[in-house]
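Note: the block below is input-v9.cif and it holds mmCIF, C-alpha atoms.
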```cif
data_query
#
loop_
_atom_site.group_PDB
_atom_site.id
_atom_site.type_symbol
_atom_site.label_atom_id
_atom_site.label_comp_id
_atom_site.auth_asym_id
_atom_site.auth_seq_id
_atom_site.Cartn_x
_atom_site.Cartn_y
_atom_site.Cartn_z
ATOM 1 C CA MET A 1 49.904 84.240 99.443
ATOM 2 C CA PHE A 2 52.162 81.515 97.993
ATOM 3 C CA ASN A 3 51.381 82.351 94.345
ATOM 4 C CA ILE A 4 50.393 78.736 93.555
ATOM 5 C CA GLY A 5 48.081 78.058 90.632
ATOM 6 C CA PRO A 6 45.258 75.512 90.631
ATOM 7 C CA GLY A 7 47.243 72.968 88.589
ATOM 8 C CA GLU A 8 50.202 73.155 90.956
ATOM 9 C CA LEU A 9 47.890 72.757 93.948
ATOM 10 C CA VAL A 10 46.391 69.580 92.461
ATOM 11 C CA VAL A 11 49.887 68.127 91.902
ATOM 12 C CA ILE A 12 50.895 68.926 95.495
ATOM 13 C CA LEU A 13 47.718 67.340 96.887
ATOM 14 C CA LEU A 14 48.192 64.197 94.758
ATOM 15 C CA LEU A 15 51.812 63.865 95.918
ATOM 16 C CA ALA A 16 50.710 64.274 99.548
ATOM 17 C CA LEU A 17 48.041 61.608 99.071
ATOM 18 C CA ILE A 18 50.517 59.204 97.488
ATOM 19 C CA LEU A 19 53.269 59.794 100.070
ATOM 20 C CA LEU A 20 51.104 59.890 103.216
ATOM 21 C CA GLY A 21 48.262 57.602 102.269
ATOM 22 C CA PRO A 22 44.527 58.143 102.828
ATOM 23 C CA GLU A 23 44.673 57.237 106.548
ATOM 24 C CA LYS A 24 47.468 59.618 107.515
ATOM 25 C CA LEU A 25 46.552 62.598 105.257
ATOM 26 C CA PRO A 26 43.646 63.972 107.383
ATOM 27 C CA GLU A 27 45.758 63.793 110.544
ATOM 28 C CA VAL A 28 48.657 65.668 108.902
ATOM 29 C CA ALA A 29 46.271 68.270 107.468
ATOM 30 C CA ARG A 30 44.711 68.774 110.907
ATOM 31 C CA THR A 31 48.143 69.202 112.501
ATOM 32 C CA LEU A 32 49.211 71.689 109.826
ATOM 33 C CA GLY A 33 45.982 73.634 110.318
ATOM 34 C CA LYS A 34 46.522 73.846 114.074
ATOM 35 C CA GLY A 35 50.108 74.981 113.523
ATOM 36 C CA MET A 36 49.003 77.697 111.093
ATOM 37 C CA LYS A 37 46.343 78.826 113.578
ATOM 38 C CA GLU A 38 48.906 79.114 116.407
ATOM 39 C CA LEU A 39 51.323 80.978 114.133
ATOM 40 C CA ARG A 40 48.611 83.435 113.099
ATOM 41 C CA ARG A 41 47.550 83.934 116.747
ATOM 42 C CA ALA A 42 51.162 84.634 117.803
ATOM 43 C CA SER A 43 51.622 87.029 114.885
ATOM 44 C CA ASP A 44 48.430 88.918 115.735
ATOM 45 C CA ASP A 45 49.424 89.108 119.403
ATOM 46 C CA LEU A 46 52.860 90.511 118.503
ATOM 47 C CA ARG A 47 51.343 93.067 116.110
ATOM 48 C CA HIS A 48 48.815 94.114 118.760
ATOM 49 C CA THR A 49 51.560 94.550 121.377
ATOM 50 C CA VAL A 50 53.712 96.665 119.045
ATOM 51 C CA GLU A 51 50.774 98.856 118.033
ATOM 52 C CA GLU A 52 49.808 99.341 121.690
ATOM 53 C CA GLU A 53 53.348 100.372 122.651
ATOM 54 C CA LEU A 54 53.525 102.802 119.728
ATOM 55 C CA TYR A 55 50.196 104.293 120.777
ATOM 56 C CA ARG A 56 51.474 104.739 124.346
ATOM 57 C CA ALA A 57 54.699 106.350 123.103
ATOM 58 C CA GLU A 58 52.757 108.787 120.912
ATOM 59 C CA ALA A 59 50.438 109.671 123.795
ATOM 60 C CA GLN A 60 53.439 110.264 126.081
ATOM 61 C CA ALA A 61 55.103 112.431 123.415
ATOM 62 C CA GLU A 62 51.972 114.570 123.172
ATOM 63 C CA LYS A 63 51.943 115.092 126.963
ATOM 64 C CA THR A 64 55.550 116.351 127.088
ATOM 65 C CA PRO A 65 55.932 119.181 124.565
ATOM 66 C CA LEU A 66 59.322 119.935 123.127
ATOM 67 C CA THR A 67 60.794 123.392 123.701
ATOM 68 C CA LEU A 68 62.734 124.525 120.689
ATOM 69 C CA ARG A 69 64.850 127.665 120.537
ATOM 70 C CA PRO A 70 66.010 129.493 117.443
ATOM 71 C CA ALA A 71 69.604 128.781 116.485
ATOM 72 C CA GLY A 72 72.065 131.080 118.230
ATOM 73 C CA SER A 73 69.686 132.137 120.991
ATOM 74 C CA LEU A 74 70.735 132.108 124.636
ATOM 75 C CA PRO A 75 69.482 129.402 126.968
ATOM 76 C CA PRO A 76 66.829 130.411 129.488
ATOM 77 C CA ALA A 77 67.987 131.921 132.774
ATOM 78 C CA GLY A 78 68.976 129.309 135.320
ATOM 79 C CA ALA A 79 69.554 126.587 132.733
ATOM 80 C CA GLN A 80 72.532 124.329 133.240
ATOM 81 C CA PRO A 81 75.291 125.067 130.719
ATOM 82 C CA LEU A 82 76.533 122.299 128.519
ATOM 83 C CA ALA A 83 79.657 120.624 129.801
ATOM 84 C CA ALA A 84 82.836 121.530 127.948
ATOM 85 C CA PRO A 85 84.789 118.674 126.428
ATOM 86 C CA PRO A 86 87.767 117.570 128.500
ATOM 87 C CA ALA A 87 90.946 119.491 127.788
ATOM 88 C CA ILE A 88 93.743 117.596 126.111
ATOM 89 C CA GLU A 89 97.018 118.227 127.875
ATOM 90 C CA ALA A 90 100.232 118.429 125.876
ATOM 91 C CA PRO A 91 103.047 116.119 126.965
ATOM 92 C CA PRO A 92 105.846 117.817 128.923
ATOM 93 C CA ALA A 93 108.516 119.385 126.752
ATOM 94 C CA GLN A 94 111.765 117.425 126.426
ATOM 95 C CA PRO A 95 114.953 119.356 127.166
ATOM 96 C CA PRO A 96 117.072 119.792 124.029
ATOM 97 C CA ALA A 97 119.813 117.228 123.563
ATOM 98 C CA ALA A 98 123.292 118.388 124.542
ATOM 99 C CA ALA A 99 125.400 119.489 121.601
ATOM 100 C CA PRO A 100 128.546 117.456 121.043
ATOM 101 C CA ALA A 101 131.784 119.049 122.207
ATOM 102 C CA THR A 102 133.572 120.871 119.400
ATOM 103 C CA ASP A 103 136.888 121.573 121.116
ATOM 104 C CA GLY A 104 138.346 118.256 119.995
ATOM 105 C CA ALA A 105 138.086 116.640 123.411
ATOM 106 C CA ALA A 106 136.451 113.267 123.566
ATOM 107 C CA ALA A 107 133.274 112.861 125.548
ATOM 108 C CA PRO A 108 133.742 111.279 128.972
ATOM 109 C CA PRO A 109 133.000 107.553 129.059
ATOM 110 C CA ILE A 110 129.666 106.412 130.389
ATOM 111 C CA ALA A 111 129.919 104.316 133.526
ATOM 112 C CA LYS A 112 128.321 100.906 133.300
ATOM 113 C CA ALA A 113 126.213 99.770 136.178
#
```
For this file, write the structure as C-alpha cells.
Amino acid sequence: MFNIGPGELVVILLLALILLGPEKLPEVARTLGKGMKELRRASDDLRHTVEEELYRAEAQAEKTPLTLRPAGSLPPAGAQPLAAPPAIEAPPAQPPAAAPATDGAAAPPIAKA
C-alpha cells in the first residue's frame, strides 16, 4: 500500500516511540486506527452508492430501448420535424453616397444646429 520495507517501518516506529513516549503512543495508535476505520467505511459507502446508481441506470437503459434508423431514412409518420436554425437577417442596404457635383459649383454649406 505505502511501499514501505521492514527496515523503514522499524525506523518510523522508533521515531514515533521517541517523539511520543511510551504513555502517549498507544493512544495515538488507537486514534489513527479509528480514523483509518472511518475513512475505509466512508470509502466503501461511497463505492456502494456509485455502484448502485450505475446498476439502476443500466436497468433503466435496458427498459427503454433505443430506436435507430439507417442514415438518410425518413422519420416515422407523425414525428415532429427538427426545428430549423433561426434565419440570419442581412442588415438593411445603405443608399449609395451622393456623387460630388462636377459642374464646378461648390456644394451648399451645411447648416449648423
- Calculate how many Å separate atom CA of Leu25 of chain A from atom CA of Asp44 of chain A, rounding to one decimal.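 Atom CA of Asp44 of chain A lies 28.4 Å from atom CA of Leu25 of chain A.
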- Could you jot down the atom CA of Ile18 of chain A to atom CA of Gly5 of chain A separation for me, Å, one decimal place?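 Between atom CA of Ile18 of chain A and atom CA of Gly5 of chain A the gap is 20.2 Å.
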- Å distance separating atom CA of Leu17 of chain A from atom CA of Lys34 of chain A, one decimal place: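 Distance between the two atoms: 19.4 Å.
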Write out as lines of an AutoDock Vina configuration file an axis-aligned box for segment 6-25 of chain A: all of its atoms listed in the file, 4 Å added on each side, centre and edge lengths in Å with one decimal.
```
center_x = 48.9
center_y = 66.4
center_z = 98.1
size_x = 16.7
size_y = 26.3
size_z = 26.9
```
